[in-house]
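Input: a single structure, listed below in structure tokens.
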Amino acid sequence: MKSCHELTDGEVVAIDGKTLRGSYNRATDQAAIHMVNAFATANGVCLGQSKVNSKTNEITEIPKLLELLDISGCLITIDAMGCQRKIAQKIINKNADYLLAVKGNQGKLDKAFDNYYRPSMLQKFDGDSYSSQEKSHGRLETRCALINTDLSVLGDLSYDWPELKTMGIMVSVRQEGKHADESDISVRYYISSKALTAKELHDATRSHWLIESMHWQLDV
């Protein structure tokens, strides 16, 4: 039997929070239970969980969970809530790499991405790119990954994040007819300490959402 470390070595480990459905008890005034989970996406294995108590939040609980795990060699994916310098440093200290989603909670970083990205990049891009298409229930979804390793576009912000090597952009376009409306296009930004290829970014961001299958089981 392989050890937990052998099962996860080098793979994507998704970390995400989940409020357990039905855990709020009105009669006893018990607050809903919120857990932070670490999920090995390739094997579908929960590596660890940590309960978020009422006086803390995911940002303070994620480093505690990371401390309990052997994540050496793994790529740790976390949504925008976990895009924090201390969390990134904790992952590096554990001999792993991070892939963090960037949103408004990191305002300057988010704005730097906005200033860099142009929709025209989807037609002509100097860096590494990768795209895929998937059709399901009459809907066509195109996913395009763009990689930039020239961090000078971030200015001094690039020095704020430990061992930062890659800016990643994921663009998803969903079409139900012949044309895609603006509302059917989503653009997501990422930073990573790993020198990712565009395909690796594409696959890792898709793998991250496999943790939703675990969330469904927790609800059941």
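To be explicit about the labels: the chains of the structure tokens are called A, B, and onward in the order shown, and within each one the residues are counted from 1, while ligands get numbers from 1 in the order they are shown.
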
Every residue of segment 9-212 of chain A that DSSP places in alpha helix (DSSP H), as a ChimeraX atom specification: /A:58-68,85-93,107-116,198-208,211-212

Distance query Val12 of chain A at most 7 Å, only C-alpha atoms, self and fewer than 5 positions along chain excluded, as a list in words: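 My reading of the contact set: Ala40, Thr41, Cys74, Leu75, Ile76, Thr77 and Ala204 of chain A.
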
From A:Gln106, A:Thr166, A:Ser72, A:Asn115, residue lying nearest Thr197 of chain A [only C-alpha atoms]: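 Of A:Gln106, A:Thr166, A:Ser72, A:Asn115, the one nearest Thr197 of chain A, counting only C-alpha atoms, is A:Thr166.
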
From A:Ile92, A:Ala112, A:Ile169, A:Leu164, residue lying nearest Phe125 of chain A [only C-alpha atoms]: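 With only C-alpha atoms as the atom set, the closest residue is A:Ile169.
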
Every residue of segment 131-198 of chain A that DSSP places in strand (DSSP E), as a PyMOL selection string: chain A and resi 131-136+139-148+166-175+185-192

Who sits within 12 Å of Gly107 of chain A, only C-alpha atoms, same chain under 5 positions skipped, as a list in words: Ala80, Cys83, Gln84, Val102, Ala112, Phe113, Asp114 and Leu157 of chain A

Residue neighbourhood Ser120 of chain A, 12 Å, only C-alpha atoms, exclusion window fewer than 5 positions, as a ChimeraX atom specification: /A:125-126,146,171

Surrounding residues of Glu176 of chain A excluding itself and chain neighbours under 3 positions, 7 Å, only C-alpha atoms, as a VMD selection string: chain A and resid 138 to 140

Would you output that residue set with N, CA, C and O atoms, as a PDB file, in the first residue's frame?
ATOM      1  N   GLY A 138     -25.562  20.934 -25.221  1.00  0.00           N
ATOM      2  CA  GLY A 138     -25.779  21.986 -26.195  1.00  0.00           C
ATOM      3  C   GLY A 138     -24.965  23.238 -25.964  1.00  0.00           C
ATOM      4  O   GLY A 138     -25.116  24.227 -26.680  1.00  0.00           O
ATOM      5  N   ARG A 139     -24.099  23.216 -24.968  1.00  0.00           N
ATOM      6  CA  ARG A 139     -23.273  24.382 -24.650  1.00  0.00           C
ATOM      7  C   ARG A 139     -21.816  24.083 -24.989  1.00  0.00           C
ATOM      8  O   ARG A 139     -21.289  23.038 -24.613  1.00  0.00           O
ATOM      9  N   LEU A 140     -21.180  24.997 -25.693  1.00  0.00           N
ATOM     10  CA  LEU A 140     -19.768  24.863 -26.034  1.00  0.00           C
ATOM     11  C   LEU A 140     -18.955  25.759 -25.115  1.00  0.00           C
ATOM     12  O   LEU A 140     -19.208  26.965 -25.030  1.00  0.00           O
TER      13      LEU A 140
END

Contact residues around Leu122 of chain A with only C-alpha atoms at 12 Å, ignoring same-chain residues under 3 positions, as a ChimeraX atom specification: /A:117-119,125-131,142-147,169-173,187
